[in-house]
file target-v7.cif (mmCIF, C-alpha atoms)
data_protein
loop_
_atom_site.label_atom_id
_atom_site.label_comp_id
_atom_site.auth_asym_id
_atom_site.auth_seq_id
_atom_site.Cartn_x
_atom_site.Cartn_y
_atom_site.Cartn_z
CA MET Z 154 29.92 -4.98 3.88
CA LYS Z 155 30.31 -6.93 0.62
CA ILE Z 156 27.31 -6.37 -1.60
CA GLY Z 157 26.54 -8.11 -4.87
CA ILE Z 158 24.09 -6.41 -7.21
CA LEU Z 159 22.41 -8.49 -9.87
CA GLY Z 160 21.60 -6.18 -12.78
CA ALA Z 161 22.79 -2.66 -13.53
CA GLY Z 162 19.48 -1.01 -14.30
CA SER Z 163 18.36 2.23 -12.70
CA MET Z 164 17.59 0.72 -9.27
CA GLY Z 165 20.70 -1.41 -9.04
CA ALA Z 166 23.01 1.34 -10.27
CA ALA Z 167 21.54 3.94 -7.90
CA LEU Z 168 21.75 1.72 -4.82
CA GLY Z 169 25.21 0.42 -5.72
CA LYS Z 170 26.54 3.92 -6.13
CA LEU Z 171 25.15 5.01 -2.77
CA TRP Z 172 26.45 1.99 -0.92
CA ALA Z 173 29.89 2.26 -2.54
CA ALA Z 174 30.04 5.89 -1.45
CA LEU Z 175 29.49 4.73 2.13
CA GLY Z 176 32.52 2.46 1.84
CA HIS Z 177 30.79 -0.85 1.18
CA GLU Z 178 32.44 -3.14 -1.37
CA VAL Z 179 30.10 -3.45 -4.32
CA CYS Z 180 30.23 -5.92 -7.19
CA PHE Z 181 27.78 -5.63 -10.07
CA GLY Z 182 26.80 -8.82 -11.82
CA VAL Z 183 25.58 -8.42 -15.38
CA ARG Z 184 24.74 -10.72 -18.24
CA GLN Z 185 27.76 -11.55 -20.41
CA PRO Z 186 28.65 -10.22 -22.92
CA VAL Z 187 27.95 -6.77 -21.44
CA GLY Z 188 25.74 -4.56 -23.63
CA GLU Z 189 26.80 -1.06 -24.63
CA LYS Z 190 24.24 0.74 -22.46
CA THR Z 191 25.15 -1.32 -19.40
CA ALA Z 192 28.88 -0.84 -19.97
CA LYS Z 193 28.36 2.90 -20.15
CA ARG Z 194 26.30 2.97 -16.99
CA LEU Z 195 28.87 0.88 -15.13
CA SER Z 196 31.82 2.97 -16.25
CA ALA Z 197 29.98 6.07 -15.04
CA LEU Z 198 30.14 4.56 -11.56
CA GLY Z 199 33.91 4.79 -11.63
CA SER Z 200 36.53 2.57 -10.09
CA SER Z 201 34.85 2.23 -6.71
CA VAL Z 202 32.80 -0.71 -7.91
CA ARG Z 203 33.81 -3.94 -9.58
CA THR Z 204 31.84 -5.81 -12.21
CA GLY Z 205 31.57 -9.41 -13.27
CA SER Z 206 29.18 -12.15 -14.20
CA LEU Z 207 25.91 -12.69 -12.39
CA GLU Z 208 27.50 -15.72 -10.71
CA ALA Z 209 30.53 -13.70 -9.60
CA ALA Z 210 28.37 -11.02 -8.01
CA ALA Z 211 26.22 -13.62 -6.26
CA GLN Z 212 29.32 -15.30 -4.87
CA PHE Z 213 30.88 -11.97 -3.87
CA GLY Z 214 28.16 -10.48 -1.74
CA ASP Z 215 27.25 -11.18 1.85
CA ALA Z 216 24.09 -9.39 0.79
CA VAL Z 217 22.89 -9.72 -2.79
CA LEU Z 218 20.41 -7.31 -4.36
CA ILE Z 219 18.23 -8.78 -7.07
CA ALA Z 220 17.57 -5.89 -9.45
CA VAL Z 221 17.00 -7.44 -12.86
CA PRO Z 222 13.75 -6.85 -14.77
CA TRP Z 223 10.87 -8.91 -13.38
CA GLU Z 224 10.68 -11.04 -16.52
CA ALA Z 225 14.25 -12.22 -15.92
CA THR Z 226 13.93 -12.69 -12.19
CA GLU Z 227 12.83 -16.32 -12.01
CA LYS Z 228 15.52 -17.51 -14.41
CA VAL Z 229 18.28 -15.54 -12.69
CA VAL Z 230 17.29 -16.54 -9.16
CA ARG Z 231 16.81 -20.21 -10.02
CA SER Z 232 20.15 -20.37 -11.84
CA LEU Z 233 21.98 -18.70 -8.93
CA ALA Z 234 20.18 -20.47 -6.10
CA GLY Z 235 23.24 -22.59 -5.37
CA HIS Z 236 25.37 -19.48 -4.85
CA LEU Z 237 22.78 -17.85 -2.58
CA VAL Z 238 22.66 -20.45 0.17
CA GLY Z 239 22.63 -18.70 3.53
CA LYS Z 240 23.01 -15.27 1.96
CA VAL Z 241 20.81 -12.23 2.39
CA LEU Z 242 18.93 -11.74 -0.86
CA ILE Z 243 17.42 -8.27 -1.10
CA ASP Z 244 14.33 -8.17 -3.29
CA CYS Z 245 13.37 -4.77 -4.67
CA THR Z 246 11.38 -6.15 -7.58
CA ASN Z 247 7.77 -5.54 -8.43
CA PRO Z 248 5.98 -8.00 -10.67
CA ILE Z 249 4.54 -5.33 -12.90
CA SER Z 250 2.97 -5.84 -16.29
CA PRO Z 251 4.95 -4.30 -19.18
CA ASP Z 252 2.39 -1.49 -19.60
CA LEU Z 253 2.67 -0.72 -15.84
CA SER Z 254 -1.07 -1.24 -15.49
CA GLY Z 255 -0.99 -3.80 -12.75
CA LEU Z 256 0.68 -6.54 -10.77
CA ILE Z 257 1.08 -9.79 -12.64
CA ILE Z 258 1.05 -11.88 -9.50
CA GLY Z 259 -1.64 -12.34 -6.95
CA HIS Z 260 -3.82 -9.29 -7.50
CA SER Z 261 -6.92 -9.69 -9.56
CA THR Z 262 -9.74 -7.68 -8.02
CA SER Z 263 -10.78 -5.66 -4.99
CA ALA Z 264 -13.70 -5.22 -2.64
CA ALA Z 265 -14.53 -1.91 -4.33
CA GLU Z 266 -14.75 -3.48 -7.77
CA GLU Z 267 -16.93 -6.29 -6.46
CA ILE Z 268 -19.22 -3.79 -4.72
CA ALA Z 269 -19.55 -1.90 -8.01
CA ARG Z 270 -20.56 -5.15 -9.63
CA TRP Z 271 -23.20 -5.75 -6.96
CA ALA Z 272 -24.66 -2.22 -7.23
CA PRO Z 273 -23.97 -1.54 -10.91
CA GLN Z 274 -25.77 1.79 -11.06
CA ALA Z 275 -24.19 3.34 -8.00
CA ASN Z 276 -21.07 5.47 -8.25
CA VAL Z 277 -18.73 3.61 -5.97
CA VAL Z 278 -15.86 5.57 -4.43
CA LYS Z 279 -13.16 3.94 -2.33
CA CYS Z 280 -12.06 5.96 0.66
CA PHE Z 281 -11.34 5.79 4.41
CA ASN Z 282 -10.23 2.14 4.31
CA THR Z 283 -6.65 2.96 5.31
CA VAL Z 284 -7.40 4.86 8.51
CA GLY Z 285 -8.41 3.33 11.79
CA ALA Z 286 -11.80 4.22 13.24
CA GLY Z 287 -10.06 5.40 16.40
CA GLY Z 288 -8.00 7.92 14.44
CA LEU Z 289 -10.77 9.46 12.35
CA HIS Z 290 -11.52 12.25 14.81
CA ASP Z 291 -8.01 13.63 14.59
CA ALA Z 292 -6.33 13.62 11.21
CA ARG Z 293 -3.51 15.89 12.38
CA TYR Z 294 -0.07 14.59 13.26
CA GLY Z 295 1.85 17.61 14.41
CA ASP Z 296 2.24 19.80 11.36
CA HIS Z 297 0.87 17.16 9.02
CA SER Z 298 -2.48 15.80 7.95
CA ALA Z 299 -2.81 12.07 7.47
CA ALA Z 300 -3.66 11.02 3.94
CA VAL Z 301 -6.67 9.15 2.65
CA PHE Z 302 -6.84 7.81 -0.86
CA VAL Z 303 -9.86 8.40 -3.08
CA CYS Z 304 -10.51 6.38 -6.20
CA GLY Z 305 -13.58 5.94 -8.33
CA ASP Z 306 -14.81 6.07 -11.90
CA ASP Z 307 -17.15 9.06 -11.58
CA GLU Z 308 -15.47 12.45 -11.30
CA ALA Z 309 -18.38 14.14 -9.52
CA ALA Z 310 -18.68 11.32 -7.02
CA ASN Z 311 -14.95 11.47 -6.32
CA LYS Z 312 -15.25 15.19 -5.71
CA MET Z 313 -18.11 14.72 -3.27
CA VAL Z 314 -16.13 12.19 -1.24
CA THR Z 315 -13.03 14.38 -1.39
CA HIS Z 316 -15.11 17.16 0.13
CA LEU Z 317 -16.31 14.85 2.90
CA ALA Z 318 -12.78 13.69 3.69
CA GLU Z 319 -11.24 17.16 3.61
CA GLY Z 320 -14.07 18.38 5.83
CA ILE Z 321 -12.83 16.16 8.63
CA GLY Z 322 -9.22 17.15 8.15
CA PHE Z 323 -7.60 14.59 5.86
CA GLU Z 324 -5.31 15.28 2.96
CA VAL Z 325 -6.97 13.60 0.01
CA ILE Z 326 -4.81 11.80 -2.52
CA ASP Z 327 -6.57 11.35 -5.85
CA ALA Z 328 -5.63 7.79 -6.75
CA GLY Z 329 -7.56 7.55 -10.00
CA PRO Z 330 -10.04 4.91 -11.17
CA LEU Z 331 -11.86 2.43 -8.94
CA ALA Z 332 -9.59 -0.44 -9.96
CA GLU Z 333 -6.84 1.30 -8.01
CA ALA Z 334 -8.62 -0.08 -4.93
CA ARG Z 335 -6.72 -3.30 -5.50
CA TYR Z 336 -3.58 -1.41 -4.51
CA ILE Z 337 -5.19 0.63 -1.74
CA GLU Z 338 -6.89 -2.24 0.07
CA PRO Z 339 -3.53 -3.98 0.67
CA LEU Z 340 -2.31 -0.76 2.27
CA ALA Z 341 -5.00 -1.25 4.89
CA LEU Z 342 -3.64 -4.70 5.64
CA LEU Z 343 -0.15 -3.30 5.95
CA TRP Z 344 -1.50 -0.64 8.32
CA ILE Z 345 -3.36 -3.25 10.36
CA HIS Z 346 -0.36 -5.51 10.64
CA LEU Z 347 1.96 -2.65 11.62
CA ALA Z 348 -0.55 -1.53 14.23
CA MET Z 349 -1.26 -5.04 15.55
CA ARG Z 350 2.20 -6.49 15.72
CA GLY Z 351 3.01 -4.24 18.60
CA LYS Z 352 5.90 -2.12 17.45
CA TYR Z 353 3.98 0.79 15.97
CA GLY Z 354 0.53 0.72 17.61
CA SER Z 355 -2.64 2.07 16.11
CA LYS Z 356 -1.72 5.75 16.22
CA ILE Z 357 -0.05 5.60 12.86
CA ALA Z 358 -1.09 7.03 9.52
CA VAL Z 359 0.26 7.27 6.02
CA LYS Z 360 1.37 10.54 4.48
CA LEU Z 361 2.50 11.27 0.96
CA LEU Z 362 5.68 13.33 0.98
CA ARG Z 363 6.20 15.62 -2.01
CA ARG Z 364 8.81 18.00 -3.25
CA MET V 1187 -25.22 17.17 2.31
CA LYS V 1188 -27.49 14.21 3.07
CA ILE V 1189 -25.45 11.18 4.04
CA GLY V 1190 -26.71 7.66 4.62
CA ILE V 1191 -24.54 5.34 6.64
CA LEU V 1192 -25.08 1.60 6.34
CA GLY V 1193 -24.01 0.03 9.61
CA ALA V 1194 -23.22 1.60 12.97
CA GLY V 1195 -19.92 -0.08 13.75
CA SER V 1196 -16.82 1.81 14.76
CA MET V 1197 -16.06 3.23 11.29
CA GLY V 1198 -19.63 4.23 10.47
CA ALA V 1199 -20.29 5.75 13.89
CA ALA V 1200 -17.03 7.74 13.87
CA LEU V 1201 -17.53 9.16 10.39
CA GLY V 1202 -21.24 9.87 10.96
CA LYS V 1203 -20.48 11.76 14.15
CA LEU V 1204 -17.83 13.90 12.44
CA TRP V 1205 -20.00 14.68 9.45
CA ALA V 1206 -23.01 15.51 11.60
CA ALA V 1207 -20.84 17.91 13.61
CA LEU V 1208 -20.03 19.70 10.36
CA GLY V 1209 -23.74 20.23 9.71
CA HIS V 1210 -24.37 17.41 7.27
CA GLU V 1211 -27.65 15.51 7.67
CA VAL V 1212 -26.81 11.96 8.66
CA CYS V 1213 -29.08 8.93 8.68
CA PHE V 1214 -27.80 5.60 10.03
CA GLY V 1215 -29.28 2.47 8.55
CA VAL V 1216 -29.13 -0.59 10.74
CA ARG V 1217 -30.49 -4.09 10.65
CA GLN V 1218 -33.92 -4.35 12.25
CA PRO V 1219 -34.62 -5.09 15.03
CA VAL V 1220 -31.77 -3.01 16.42
CA GLY V 1221 -29.44 -4.87 18.80
CA GLU V 1222 -28.64 -3.56 22.25
CA LYS V 1223 -25.03 -2.62 21.47
CA THR V 1224 -26.00 -0.77 18.31
CA ALA V 1225 -28.84 1.07 20.06
CA LYS V 1226 -26.42 2.21 22.74
CA ARG V 1227 -23.85 3.37 20.21
CA LEU V 1228 -26.51 5.28 18.25
CA SER V 1229 -28.00 6.95 21.29
CA ALA V 1230 -24.53 8.13 22.27
CA LEU V 1231 -24.48 10.10 19.03
CA GLY V 1232 -27.37 12.23 20.29
CA SER V 1233 -30.21 13.85 18.43
CA SER V 1234 -28.11 15.21 15.60
CA VAL V 1235 -28.43 11.98 13.66
CA ARG V 1236 -31.48 9.99 12.62
CA THR V 1237 -31.69 6.23 12.38
CA GLY V 1238 -33.75 3.83 10.35
CA SER V 1239 -33.65 0.68 8.31
CA LEU V 1240 -30.84 -0.03 5.85
CA GLU V 1241 -33.28 0.80 3.05
CA ALA V 1242 -34.26 4.11 4.65
CA ALA V 1243 -30.64 5.19 4.99
CA ALA V 1244 -29.87 4.18 1.40
CA GLN V 1245 -32.85 6.20 0.18
CA PHE V 1246 -31.98 9.17 2.41
CA GLY V 1247 -28.41 9.83 1.37
CA ASP V 1248 -27.05 11.65 -1.63
CA ALA V 1249 -23.90 9.88 -0.55
CA VAL V 1250 -24.13 6.50 1.14
CA LEU V 1251 -21.32 4.98 3.18
CA ILE V 1252 -21.16 1.21 3.21
CA ALA V 1253 -19.74 0.34 6.62
CA VAL V 1254 -21.10 -3.09 7.48
CA PRO V 1255 -18.76 -6.01 8.20
CA TRP V 1256 -17.23 -7.44 5.02
CA GLU V 1257 -19.11 -10.72 5.42
CA ALA V 1258 -22.41 -8.81 5.17
CA THR V 1259 -21.38 -6.46 2.39
CA GLU V 1260 -22.45 -8.46 -0.65
CA LYS V 1261 -25.89 -9.22 0.74
CA VAL V 1262 -26.50 -5.64 1.87
CA VAL V 1263 -25.27 -4.03 -1.36
CA ARG V 1264 -27.15 -6.43 -3.62
CA SER V 1265 -30.38 -5.99 -1.67
CA LEU V 1266 -30.10 -2.19 -1.77
CA ALA V 1267 -28.84 -1.86 -5.35
CA GLY V 1268 -32.21 -0.53 -6.49
CA HIS V 1269 -32.02 2.31 -3.96
CA LEU V 1270 -28.47 3.20 -4.93
CA VAL V 1271 -29.02 4.05 -8.59
CA GLY V 1272 -27.08 7.20 -9.43
CA LYS V 1273 -25.92 7.69 -5.85
CA VAL V 1274 -22.41 8.06 -4.53
CA LEU V 1275 -21.57 4.88 -2.66
CA ILE V 1276 -18.55 5.30 -0.41
CA ASP V 1277 -16.69 2.07 0.18
CA CYS V 1278 -14.46 1.97 3.25
CA THR V 1279 -14.47 -1.81 3.53
CA ASN V 1280 -11.51 -4.15 3.50
CA PRO V 1281 -12.10 -7.79 2.62
CA ILE V 1282 -10.11 -9.07 5.56
CA SER V 1283 -10.12 -12.60 6.87
CA PRO V 1284 -11.66 -12.97 10.35
CA ASP V 1285 -8.22 -13.50 11.92
CA LEU V 1286 -6.94 -10.31 10.20
CA SER V 1287 -4.19 -12.33 8.57
CA GLY V 1288 -4.89 -11.37 4.99
CA LEU V 1289 -7.16 -10.15 2.25
CA ILE V 1290 -9.80 -12.63 1.17
CA ILE V 1291 -10.02 -11.25 -2.33
CA GLY V 1292 -7.43 -11.10 -5.03
CA HIS V 1293 -4.19 -11.42 -3.07
CA SER V 1294 -2.56 -14.78 -2.92
CA THR V 1295 1.18 -14.37 -3.24
CA SER V 1296 3.98 -11.90 -3.97
CA ALA V 1297 7.17 -11.63 -5.95
CA ALA V 1298 9.17 -11.92 -2.73
CA GLU V 1299 7.52 -15.18 -1.76
CA GLU V 1300 8.07 -16.60 -5.24
CA ILE V 1301 11.72 -15.55 -5.16
CA ALA V 1302 12.11 -17.32 -1.82
CA ARG V 1303 10.65 -20.42 -3.44
CA TRP V 1304 13.16 -20.14 -6.31
CA ALA V 1305 16.16 -19.68 -3.98
CA PRO V 1306 14.98 -21.69 -1.00
CA GLN V 1307 18.18 -21.41 1.01
CA ALA V 1308 18.64 -17.66 0.65
CA ASN V 1309 17.30 -15.26 3.25
CA VAL V 1310 15.05 -13.10 1.12
CA VAL V 1311 14.30 -9.60 2.39
CA LYS V 1312 11.87 -7.28 0.64
CA CYS V 1313 12.95 -3.65 0.54
CA PHE V 1314 13.35 -0.63 -1.76
CA ASN V 1315 10.44 -1.62 -4.02
CA THR V 1316 8.35 1.41 -3.05
CA VAL V 1317 10.87 4.11 -3.88
CA GLY V 1318 11.75 5.30 -7.36
CA ALA V 1319 15.30 4.88 -8.59
CA GLY V 1320 15.45 8.62 -9.22
CA GLY V 1321 14.69 9.37 -5.59
CA LEU V 1322 17.13 6.99 -3.96
CA HIS V 1323 19.94 9.50 -3.69
CA ASP V 1324 17.88 11.84 -1.55
CA ALA V 1325 15.60 10.31 1.05
CA ARG V 1326 14.97 13.65 2.73
CA TYR V 1327 11.81 15.64 2.21
CA GLY V 1328 12.29 18.81 4.20
CA ASP V 1329 12.30 17.70 7.82
CA HIS V 1330 11.28 14.16 6.99
CA SER V 1331 12.86 10.97 5.76
CA ALA V 1332 10.95 8.87 3.26
CA ALA V 1333 10.04 5.42 4.49
CA VAL V 1334 11.02 2.07 3.11
CA PHE V 1335 9.44 -1.15 4.31
CA VAL V 1336 11.52 -4.16 5.27
CA CYS V 1337 10.05 -7.62 5.59
CA GLY V 1338 11.62 -11.04 5.75
CA ASP V 1339 11.67 -14.23 7.75
CA ASP V 1340 15.24 -14.04 9.06
CA GLU V 1341 15.86 -11.51 11.79
CA ALA V 1342 19.59 -11.10 11.10
CA ALA V 1343 18.98 -10.63 7.38
CA ASN V 1344 16.30 -8.02 8.08
CA LYS V 1345 18.76 -6.18 10.32
CA MET V 1346 21.43 -6.18 7.63
CA VAL V 1347 19.06 -4.68 5.09
CA THR V 1348 17.77 -2.18 7.65
CA HIS V 1349 21.36 -1.06 8.11
CA LEU V 1350 21.81 -0.66 4.35
CA ALA V 1351 18.63 1.36 4.02
CA GLU V 1352 19.29 3.59 7.01
CA GLY V 1353 22.80 4.16 5.71
CA ILE V 1354 21.39 5.94 2.68
CA GLY V 1355 18.95 7.99 4.71
CA PHE V 1356 15.65 6.14 4.75
CA GLU V 1357 13.40 5.58 7.71
CA VAL V 1358 12.97 1.83 7.89
CA ILE V 1359 9.56 0.44 8.79
CA ASP V 1360 9.77 -3.13 10.07
CA ALA V 1361 6.83 -4.76 8.31
CA GLY V 1362 7.29 -8.27 9.66
CA PRO V 1363 7.47 -11.57 7.79
CA LEU V 1364 8.18 -12.00 4.09
CA ALA V 1365 4.52 -12.69 3.28
CA GLU V 1366 3.85 -9.04 4.09
CA ALA V 1367 5.36 -8.35 0.65
CA ARG V 1368 1.94 -9.07 -0.79
CA TYR V 1369 0.78 -5.84 0.85
CA ILE V 1370 3.95 -3.86 0.12
CA GLU V 1371 4.22 -4.68 -3.57
CA PRO V 1372 0.79 -3.13 -4.27
CA LEU V 1373 2.04 0.04 -2.60
CA ALA V 1374 4.64 0.26 -5.37
CA LEU V 1375 1.88 0.12 -7.96
CA LEU V 1376 -0.01 2.84 -6.16
CA TRP V 1377 3.18 4.92 -6.10
CA ILE V 1378 3.80 4.30 -9.81
CA HIS V 1379 0.26 5.19 -10.78
CA LEU V 1380 0.27 8.37 -8.67
CA ALA V 1381 3.60 9.34 -10.22
CA MET V 1382 2.61 8.44 -13.79
CA ARG V 1383 -0.87 9.85 -13.97
CA GLY V 1384 0.54 13.32 -13.94
CA LYS V 1385 -0.89 14.94 -10.90
CA TYR V 1386 1.79 14.07 -8.38
CA GLY V 1387 4.92 13.35 -10.41
CA SER V 1388 7.74 11.06 -9.40
CA LYS V 1389 9.06 13.17 -6.54
CA ILE V 1390 6.73 11.59 -4.04
CA ALA V 1391 7.39 9.22 -1.20
CA VAL V 1392 5.47 7.53 1.56
CA LYS V 1393 5.96 8.38 5.20
CA LEU V 1394 4.51 6.76 8.26
CA LEU V 1395 3.14 9.38 10.65
CA ARG V 1396 3.16 8.46 14.34
CA ARG V 1397 2.06 10.00 17.55
#
call {"tool": "encode", "arguments": {"input": "target-v7.cif", "output": "structure tokens"}}
result
Amino acid sequence: MKIGILGAGSMGAALGKLWAALGHEVCFGVRQPVGEKTAKRLSALGSSVRTGSLEAAAQFGDAVLIAVPWEATEKVVRSLAGHLVGKVLIDCTNPISPDLSGLIIGHSTSAAEEIARWAPQANVVKCFNTVGAGGLHDARYGDHSAAVFVCGDDEAANKMVTHLAEGIGFEVIDAGPLAEARYIEPLALLWIHLAMRGKYGSKIAVKLLRR
Amino acid sequence: MKIGILGAGSMGAALGKLWAALGHEVCFGVRQPVGEKTAKRLSALGSSVRTGSLEAAAQFGDAVLIAVPWEATEKVVRSLAGHLVGKVLIDCTNPISPDLSGLIIGHSTSAAEEIARWAPQANVVKCFNTVGAGGLHDARYGDHSAAVFVCGDDEAANKMVTHLAEGIGFEVIDAGPLAEARYIEPLALLWIHLAMRGKYGSKIAVKLLRR
């Protein structure tokens, strides 16, 4: 397959290298003139990949990976839109704020944070929202325990809920402060949609793999 | 532990039953007068649990699970706030629209949908946003492959990206249409925060367990 990669940052370089090793033709598109760091990274990939302008890479690929920093994404995509007609545009971006604290687009609060506002002197802990009621009685999947995510702003309260979740067999992932609920509640939607849309069914659960 | 459970729907009933079986004291709080369906569900739980008003359950528990439908949550929490001072309030809610299509609160778009707007004739496919660049070269975790989620509105484009992801060792989860990116992008934030906040490190990945 011919693959264009827009940007030669860590994601683009890693994917390009892997795909080239599988025999795909890879062309990196980078801003001209090419900076020193980018040139170095590209030359480390060896002769199996070609490089060119952003336009050249967009024209080259049957599939085009957009892997520039989020701040540059709109400008790059808009300027290349004419070269992307009918192509597969792979989006691996995340619209993350520069301090990595949150998503810039579309995510401003969560049920958990609202509940904390409504009961301001309670210690709200988010948990159990990513598992189906029908799967609560059996957290085991073969050799693995399904994960639940715990977040909250009171350490003792988090511990209490962790105890309650571990008691019924779940692996508890400590997800930090209550505001993290805005990233855990969407996971429930993803779960629901995977379960509902037929292919996966409701006997699915999330696990965190570690090494 | 003394646990109050607000609501006797499927989530509340399942968790209450499990916790009671572990020896915790459980009190269900339900709207008075108790409806026929709720009474039936509660009586099926047997004598190991007590039932009462929402207020009684809130007062009873050291930990209180809020498990009423989302539409009722604000009213219930606000009205019980005085009984919840200093207590652990476990939130397992999801602010889901009645047709299950999306989150009512805080989630209105995604990078992927914006990108599709900027390159309207490209076939945008979301993928690879939930895996770290440093982990791309090795999708295996012992016996398991890490998951990536693919979503997009063009079936052929989704297939092409699925092929590219499977080629480098990932298990591909078909997450449906491009709008699902609004639930997959937050998963990247969750991943980043788990990796950054020290406890888990960056060698983590998500897997979908199935049975």
call {"tool": "interface_residues", "arguments": {"input": "target-v7.cif", "of": "chain V", "to": "chain Z", "cutoff": "6 Å", "atoms": "all atoms listed in the file", "output": "VMD selection string"}}
result
chain V and resid 1196 to 1197 1264 1267 1270 to 1279 1292 to 1295 1304 to 1305 1307 to 1315 1319 1343 1369 1372 1376 1389 to 1397
call {"tool": "atom_distance", "arguments": {"input": "target-v7.cif", "atom1": "CA of Glu1222 (chain V)", "atom2": "CA of Pro1284 (chain V)"}}
result
22.8 Å
call {"tool": "axis_aligned_box", "arguments": {"input": "target-v7.cif", "around": "region 1363-1380 of chain V", "padding_each_side": "5 Å", "output": "lines of an AutoDock Vina configuration file"}}
result
center_x = 4.1
center_y = -2.2
center_z = -1.5
size_x = 18.2
size_y = 31.1
size_z = 28.6
call {"tool": "residues_around", "arguments": {"input": "target-v7.cif", "residues": "region 1235-1238 of chain V", "least_positions_apart": "3", "cutoff": "9 Å", "atoms": "only C-alpha atoms", "output": "list in words"}}
result
Gly1202, Lys1203, Ala1206, Glu1211, Val1212, Cys1213, Phe1214, Gly1215, Val1216, Arg1217, Gln1218, Leu1228, Leu1231, Gly1232, Glu1241, Ala1242 and Ala1243 of chain V
call {"tool": "closest_residue", "arguments": {"input": "target-v7.cif", "among": "V:Ser1283, V:Thr1224, V:Ser1229, V:Gln1245", "to": "Gly1190 (chain V)", "atoms": "all atoms listed in the file"}}
result
V:Gln1245
call {"tool": "atom_distance", "arguments": {"input": "target-v7.cif", "atom1": "CA of Asp1285 (chain V)", "atom2": "CA of Asp1339 (chain V)"}}
result
20.3 Å
call {"tool": "atom_distance", "arguments": {"input": "target-v7.cif", "atom1": "CA of Thr1348 (chain V)", "atom2": "CA of Ala161 (chain Z)"}}
result
21.8 Å
call {"tool": "closest_residue", "arguments": {"input": "target-v7.cif", "among": "Z:Gly176, Z:Ala192, Z:His316, Z:Ala197", "to": "Lys155 (chain Z)", "atoms": "only C-alpha atoms"}}
result
Z:Gly176
